[in-house]
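**Q** Contents of work-v1.cif (mmCIF, C-alpha atoms and all ligand atoms):
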data_target
#
loop_
_atom_site.label_atom_id
_atom_site.label_comp_id
_atom_site.auth_asym_id
_atom_site.auth_seq_id
_atom_site.Cartn_x
_atom_site.Cartn_y
_atom_site.Cartn_z
CA MET A 19 0.00 0.00 0.00
CA ALA A 20 2.64 2.45 1.10
CA SER A 21 4.95 1.50 -1.74
CA SER A 22 2.09 1.67 -4.26
CA SER A 23 1.12 5.22 -3.23
CA GLY A 24 4.82 6.05 -3.31
CA TYR A 25 4.91 4.70 -6.85
CA PHE A 26 2.00 6.89 -7.91
CA PHE A 27 3.59 9.83 -6.19
CA VAL A 28 6.72 9.33 -8.26
CA LEU A 29 4.60 8.89 -11.40
CA SER A 30 2.74 12.14 -10.83
CA ILE A 31 5.98 13.98 -10.16
CA MET A 32 7.34 12.60 -13.41
CA ALA A 33 4.17 13.62 -15.23
CA ILE A 34 4.50 17.15 -13.89
CA LEU A 35 8.22 17.26 -14.72
CA SER A 36 7.69 15.95 -18.23
CA GLN A 37 5.41 18.90 -18.93
CA PHE A 38 8.32 21.20 -18.25
CA LEU A 39 10.82 18.98 -20.02
CA SER A 40 8.66 18.61 -23.10
CA ALA A 41 8.11 22.37 -23.34
CA PRO A 42 11.18 22.95 -25.58
CA THR A 43 9.99 20.32 -28.08
CA SER A 44 6.81 22.36 -28.60
CA ALA A 45 8.96 25.41 -29.36
CA LEU A 46 7.69 27.52 -32.20
CA THR A 47 9.47 28.45 -35.40
CA ASN A 48 11.03 31.87 -35.89
CA ARG A 49 8.15 32.85 -38.16
CA GLU A 50 5.61 31.90 -35.46
CA TYR A 51 7.41 34.14 -32.96
CA ILE A 52 7.42 36.96 -35.51
CA ASP A 53 3.68 36.45 -36.10
CA ALA A 54 3.00 36.47 -32.34
CA ASN A 55 4.87 39.78 -32.17
CA CYS A 56 3.22 41.24 -35.27
CA GLN A 57 -0.31 40.35 -34.13
CA ARG A 58 0.15 42.99 -31.45
CA VAL A 59 1.09 45.96 -33.64
CA LYS A 60 -0.80 48.60 -35.62
CA ASN A 61 0.67 47.79 -39.04
CA LYS A 62 1.15 44.05 -39.41
CA THR A 63 2.54 44.29 -42.98
CA PHE A 64 5.26 46.70 -41.92
CA CYS A 65 6.02 44.49 -38.92
CA VAL A 66 6.36 41.26 -40.91
CA ASP A 67 8.32 42.99 -43.71
CA THR A 68 10.73 44.48 -41.18
CA LEU A 69 11.22 41.48 -38.89
CA THR A 70 11.62 38.94 -41.72
CA THR A 71 14.44 40.98 -43.33
CA TYR A 72 16.48 42.08 -40.28
CA PRO A 73 19.02 39.28 -39.57
CA PRO A 74 18.89 39.50 -35.72
CA THR A 75 15.09 39.07 -35.72
CA VAL A 76 15.22 36.39 -38.42
CA SER A 77 17.57 34.32 -36.26
CA ALA A 78 15.65 34.79 -32.96
CA THR A 79 14.45 31.49 -31.48
CA GLY A 80 12.09 32.73 -28.78
CA LEU A 81 9.87 35.66 -27.86
CA LEU A 82 12.46 37.06 -25.47
CA PRO A 83 15.43 37.11 -27.91
CA LEU A 84 13.07 38.41 -30.59
CA ALA A 85 11.96 41.27 -28.34
CA GLU A 86 15.60 42.05 -27.52
CA ALA A 87 16.42 42.22 -31.22
CA VAL A 88 13.39 44.42 -31.98
CA ILE A 89 14.31 46.82 -29.16
CA ASN A 90 17.89 46.93 -30.46
CA LEU A 91 16.59 47.84 -33.91
CA ALA A 92 14.60 50.70 -32.36
CA ILE A 93 17.63 51.81 -30.30
CA ALA A 94 19.83 51.89 -33.43
CA HIS A 95 17.31 54.13 -35.19
CA ALA A 96 16.93 56.39 -32.13
CA GLU A 97 20.71 56.77 -31.85
CA LYS A 98 21.07 57.56 -35.54
CA THR A 99 18.29 60.16 -35.27
CA ALA A 100 19.79 61.68 -32.11
CA GLY A 101 23.06 62.06 -34.04
CA PHE A 102 21.31 63.70 -36.98
CA ALA A 103 19.53 66.17 -34.65
CA ALA A 104 22.79 67.03 -32.87
CA ASP A 105 24.69 67.56 -36.15
CA THR A 106 21.94 69.77 -37.53
CA ALA A 107 21.79 71.84 -34.31
CA LYS A 108 25.54 72.41 -34.69
CA ASN A 109 25.48 73.26 -38.40
CA GLU A 110 22.25 75.20 -38.88
CA ALA A 111 22.02 78.19 -36.54
CA ALA A 112 18.35 78.86 -37.29
CA LEU A 113 17.39 75.35 -36.14
CA LYS A 114 19.74 75.16 -33.16
CA THR A 115 17.23 75.51 -30.30
CA GLN A 116 14.57 73.24 -31.78
CA PHE A 117 17.01 70.57 -32.86
CA ASN A 118 18.78 70.55 -29.51
CA GLN A 119 15.40 69.86 -27.89
CA CYS A 120 14.74 67.14 -30.47
CA HIS A 121 18.15 65.69 -29.67
CA ASP A 122 17.19 65.61 -25.96
CA ALA A 123 13.95 63.81 -26.84
CA TYR A 124 15.89 61.16 -28.75
CA VAL A 125 18.40 60.76 -25.91
CA ALA A 126 15.38 60.07 -23.66
CA ILE A 127 14.07 57.49 -26.15
CA VAL A 128 17.43 55.70 -26.22
CA ALA A 129 17.48 55.64 -22.38
CA SER A 130 13.89 54.31 -22.16
CA LEU A 131 14.55 51.61 -24.72
CA LYS A 132 17.75 50.54 -22.96
CA SER A 133 15.78 50.25 -19.68
CA ALA A 134 13.10 48.28 -21.52
CA SER A 135 15.73 45.86 -22.79
CA LEU A 136 17.05 45.28 -19.25
CA GLU A 137 13.54 44.85 -17.78
CA LEU A 138 12.31 42.48 -20.47
CA LYS A 139 13.10 39.23 -18.72
CA GLU A 140 11.87 39.98 -15.19
CA THR A 141 9.18 42.62 -15.74
CA PRO A 142 8.05 42.69 -19.37
CA ASP A 143 5.03 44.82 -18.42
CA THR A 144 7.41 47.56 -17.23
CA ALA A 145 9.45 47.12 -20.41
CA ASN A 146 6.26 47.61 -22.41
CA TYR A 147 5.51 50.77 -20.44
CA ASP A 148 9.00 52.15 -21.12
CA VAL A 149 8.54 51.57 -24.84
CA MET A 150 5.10 53.21 -24.80
CA VAL A 151 6.25 56.38 -22.99
CA SER A 152 8.74 56.98 -25.79
CA GLY A 153 5.70 57.96 -27.84
CA ASP A 154 5.55 61.14 -25.72
CA ASP A 155 9.06 61.99 -26.93
CA THR A 156 8.28 61.46 -30.61
CA SER A 157 5.15 63.62 -30.14
CA ARG A 158 7.37 66.34 -28.65
CA VAL A 159 9.64 66.21 -31.71
CA LYS A 160 6.67 66.41 -34.08
CA ASP A 161 5.31 69.41 -32.16
CA LEU A 162 8.73 71.10 -32.32
CA ILE A 163 9.54 70.69 -36.02
CA GLY A 164 6.45 69.23 -37.73
CA LYS A 165 5.42 72.56 -39.28
CA ASN A 166 8.89 73.55 -40.50
CA LEU A 167 9.45 73.63 -44.27
CA ASP A 168 13.25 73.22 -44.44
CA LYS A 169 14.92 70.05 -45.64
CA SER A 170 16.51 69.05 -42.31
CA SER A 171 13.17 69.32 -40.49
CA LYS A 172 11.52 67.19 -43.18
CA THR A 173 14.25 64.59 -42.79
CA LEU A 174 13.86 64.61 -39.00
CA MET A 175 10.10 64.31 -39.41
CA ASP A 176 10.51 61.25 -41.66
CA MET A 177 12.93 59.68 -39.19
CA THR A 178 10.43 60.38 -36.40
CA LEU A 179 7.55 58.71 -38.24
CA GLN A 180 9.85 55.72 -38.74
CA MET A 181 10.67 55.86 -35.01
CA ASP A 182 6.95 55.65 -34.19
CA LYS A 183 6.63 52.57 -36.39
CA LEU A 184 9.62 50.88 -34.74
CA LEU A 185 8.30 51.79 -31.27
CA ASP A 186 5.04 50.11 -32.22
CA LEU A 187 6.95 46.94 -33.16
CA ALA A 188 8.86 47.10 -29.87
CA ALA A 189 5.60 47.58 -27.93
CA GLY A 190 4.21 44.47 -29.66
CA ALA A 191 7.39 42.54 -28.86
CA THR A 192 7.33 43.39 -25.14
CA ASP A 193 3.60 42.71 -24.99
CA ALA A 194 4.13 39.26 -26.53
CA VAL A 195 6.77 38.44 -23.87
CA ASP A 196 4.42 39.69 -21.13
CA ASP A 197 1.55 37.61 -22.47
CA ASP A 198 3.75 34.53 -22.69
CA ASP A 199 4.75 34.94 -19.02
CA GLU A 200 1.10 35.15 -18.01
CA ASN A 201 0.31 31.99 -19.95
CA ILE A 202 3.13 30.12 -18.24
CA LEU A 203 1.84 31.27 -14.84
CA ARG A 204 -1.67 30.14 -15.76
CA ARG A 205 -0.43 26.70 -16.83
CA THR A 206 1.50 25.94 -13.62
C1 LIG A 301 1.72 49.57 -43.45
O1 LIG A 301 3.01 49.19 -43.85
C2 LIG A 301 3.17 49.02 -45.25
C3 LIG A 301 4.57 48.47 -45.49
O2 LIG A 301 5.55 49.26 -44.91
C4 LIG A 301 2.90 50.34 -45.95
O3 LIG A 301 3.02 50.19 -47.34
C5 LIG A 301 1.49 50.83 -45.58
O4 LIG A 301 1.27 52.11 -46.11
C6 LIG A 301 1.31 50.87 -44.08
N1 LIG A 301 -0.08 51.16 -43.75
C7 LIG A 301 -0.42 52.11 -42.89
C8 LIG A 301 -1.90 52.23 -42.63
O5 LIG A 301 0.37 52.85 -42.35
#
Show me, as structure tokens, the structure contained in the file I just sent.
**A**
Amino acid sequence: MASSSGYFFVLSIMAILSQFLSAPTSALTNREYIDANCQRVKNKTFCVDTLTTYPPTVSATGLLPLAEAVINLAIAHAEKTAGFAADTAKNEAALKTQFNQCHDAYVAIVASLKSASLELKETPDTANYDVMVSGDDTSRVKDLIGKNLDKSSKTLMDMTLQMDKLLDLAAGATDAVDDDDENILRRT
């Protein structure tokens, strides 16, 4: 009797363990991770086009590494745009004040996205929040230079619309990681 219940105890432990151990075999393909990410964005076509042609997202084998790669893509664009704003502020006296403020906004975006990347694993909901608040910074840039007619302002405006699109992809990526965590909690 005692040994039989012990046997069933061991069996149930093994059954529980095998659920964890078998989890990796049910791992999704890269494209399924990209779809999970892109289901949570405003423009799915842009999302799929972007994530299936950027090597770090194409090689991601989980929602977490995919989200890291997407955030890195957004950081790279924010850094490039911050550099453009700083150079223009230096070279075009008439735009100096506005472009310095735009530069500050992009520095804030880079900082938020770097925090998001660090928070992704433990608190993906906070990471998602940090991505979302960057939308306030792109709005600030659009308010500052959106009505200007010069070439540099137009370029910065284009880069800022692209930033919004990449932030949307990053928001979808962090949301997918957050959702996945909740599903794991629900299962156990
Ligand atoms: C969505 O993205 C595609 C591909 O980048 C683009 O052609 C299209 O205009 C976008 N749609 C919207 C509503 O922004």
**Q** Using all atoms listed in the file, what does the table of chain A residues within 8 Å of ligand LIG 301 (chain A) look like, with each row giving the shortest atom pair and its distance in Å to one decimal, sorted by chain and ascending number, as a tab-separated table?
**A**
residue	atom	partner	partner_atom	distance
A:Lys60	CA	A:LIG301	C8	8.0
A:Asn61	CA	A:LIG301	C1	4.9
A:Lys62	CA	A:LIG301	C1	6.9
A:Thr63	CA	A:LIG301	O1	5.0
A:Phe64	CA	A:LIG301	O1	3.9
A:Cys65	CA	A:LIG301	O1	7.4
A:Asp67	CA	A:LIG301	C3	6.9
A:Thr68	CA	A:LIG301	O2	8.0
**Q** Return the single residue from A:Ala45, A:Val149, A:Met181, A:Ala92 that is closest to Thr79 in chain A, with distances computed using only C-alpha atoms.
**A**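 Of A:Ala45, A:Val149, A:Met181, A:Ala92, the one nearest Thr79 in chain A, counting only C-alpha atoms, is A:Ala45.
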**Q** Of the residues A:Asp148, A:Glu140, A:Asp197, A:Glu97, which is the one nearest to Met177 in chain A, using only C-alpha atoms?
**A**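 The answer is A:Glu97, which sits nearest to Met177 in chain A.
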**Q** Would you list the residues near (13.6, 71.1, -33.8) (no more than 7 Å away, in the coordinates of the file, using all atoms listed in the file) as a ChimeraX atom specification?
**A** /A:113,115-120,159,162-163,171
**Q** Would you pick out the contacts of Val76 in chain A at 12 Å or less, using all atoms listed in the file, so that residues sharing its chain but fewer than 2 positions from it are not included, and give the list as a PDB file with C-alpha atoms, in the frame of the given file?
**A**
ATOM      1  CA  THR A  47       9.470  28.450 -35.400  1.00  0.00           C
ATOM      2  CA  ASN A  48      11.030  31.870 -35.890  1.00  0.00           C
ATOM      3  CA  ARG A  49       8.150  32.850 -38.160  1.00  0.00           C
ATOM      4  CA  GLU A  50       5.610  31.900 -35.460  1.00  0.00           C
ATOM      5  CA  TYR A  51       7.410  34.140 -32.960  1.00  0.00           C
ATOM      6  CA  ILE A  52       7.420  36.960 -35.510  1.00  0.00           C
ATOM      7  CA  ASP A  53       3.680  36.450 -36.100  1.00  0.00           C
ATOM      8  CA  VAL A  66       6.360  41.260 -40.910  1.00  0.00           C
ATOM      9  CA  ASP A  67       8.320  42.990 -43.710  1.00  0.00           C
ATOM     10  CA  THR A  68      10.730  44.480 -41.180  1.00  0.00           C
ATOM     11  CA  LEU A  69      11.220  41.480 -38.890  1.00  0.00           C
ATOM     12  CA  THR A  70      11.620  38.940 -41.720  1.00  0.00           C
ATOM     13  CA  THR A  71      14.440  40.980 -43.330  1.00  0.00           C
ATOM     14  CA  TYR A  72      16.480  42.080 -40.280  1.00  0.00           C
ATOM     15  CA  PRO A  73      19.020  39.280 -39.570  1.00  0.00           C
ATOM     16  CA  PRO A  74      18.890  39.500 -35.720  1.00  0.00           C
ATOM     17  CA  ALA A  78      15.650  34.790 -32.960  1.00  0.00           C
ATOM     18  CA  THR A  79      14.450  31.490 -31.480  1.00  0.00           C
ATOM     19  CA  GLY A  80      12.090  32.730 -28.780  1.00  0.00           C
ATOM     20  CA  LEU A  81       9.870  35.660 -27.860  1.00  0.00           C
ATOM     21  CA  PRO A  83      15.430  37.110 -27.910  1.00  0.00           C
ATOM     22  CA  LEU A  84      13.070  38.410 -30.590  1.00  0.00           C
ATOM     23  CA  ALA A  85      11.960  41.270 -28.340  1.00  0.00           C
ATOM     24  CA  ALA A  87      16.420  42.220 -31.220  1.00  0.00           C
ATOM     25  CA  VAL A  88      13.390  44.420 -31.980  1.00  0.00           C
TER      26      VAL A  88
END
**Q** Quick check, in Å to one decimal: how far apart do CA of Leu185 in chain A and CA of Ile89 in chain A lie?
**A**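 These atoms are spaced 8.1 Å apart.
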**Q** Dig up all the protein and nucleic acid residues within 9 Å of (8.4, 63.2, -30.0) in the file frame, using only C-alpha atoms, and format them as a list in words.
**A** Cys120, Ala123, Tyr124, Ile127, Ser152, Gly153, Asp154, Asp155, Thr156, Ser157, Arg158, Val159, Lys160, Asp161, Leu162, Thr178 and Asp182 of chain A
**Q** With all atoms of range 92-102 of chain A from the file as input, state the centre and edge lengths in Å to one decimal of the axis-aligned box that has 4 Å extra on each side, as lines of an AutoDock Vina configuration file.
**A**
center_x = 18.8
center_y = 57.2
center_z = -33.6
size_x = 16.5
size_y = 21.0
size_z = 14.7
**Q** Could you tell me which of A:Gln180, A:Asn90, A:Val59, A:Asn109 comes closest to Val128 in chain A if we count all atoms listed in the file?
**A**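 When distances to Val128 in chain A are compared using all atoms listed in the file, the smallest one comes from A:Asn90.
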**Q** Kindly give the distance, in Å, that separates CA of Glu110 in chain A and CA of Ala94 in chain A, rounded to a single decimal.
**A** 24.1 Å
**Q** Determine, counting only C-alpha atoms, which protein, DNA and RNA residues have an atom within 6 Å of an atom of range 191-194 of chain A; residues of the same chain fewer than 6 positions away are not included. Present the result as a PyMOL selection string.
**A** chain A and resi 55+85+142+146
**Q** As an exercise, work out the distance from CA of Ala145 in chain A to CA of Ala129 in chain A in Å and give it to one decimal place.
**A** 11.9 Å
**Q** Which residue, A:Ala134, A:Val125, A:Ala103, A:Ala112, has the smallest gap to Val195 in chain A when you use only C-alpha atoms?
**A** A:Ala134
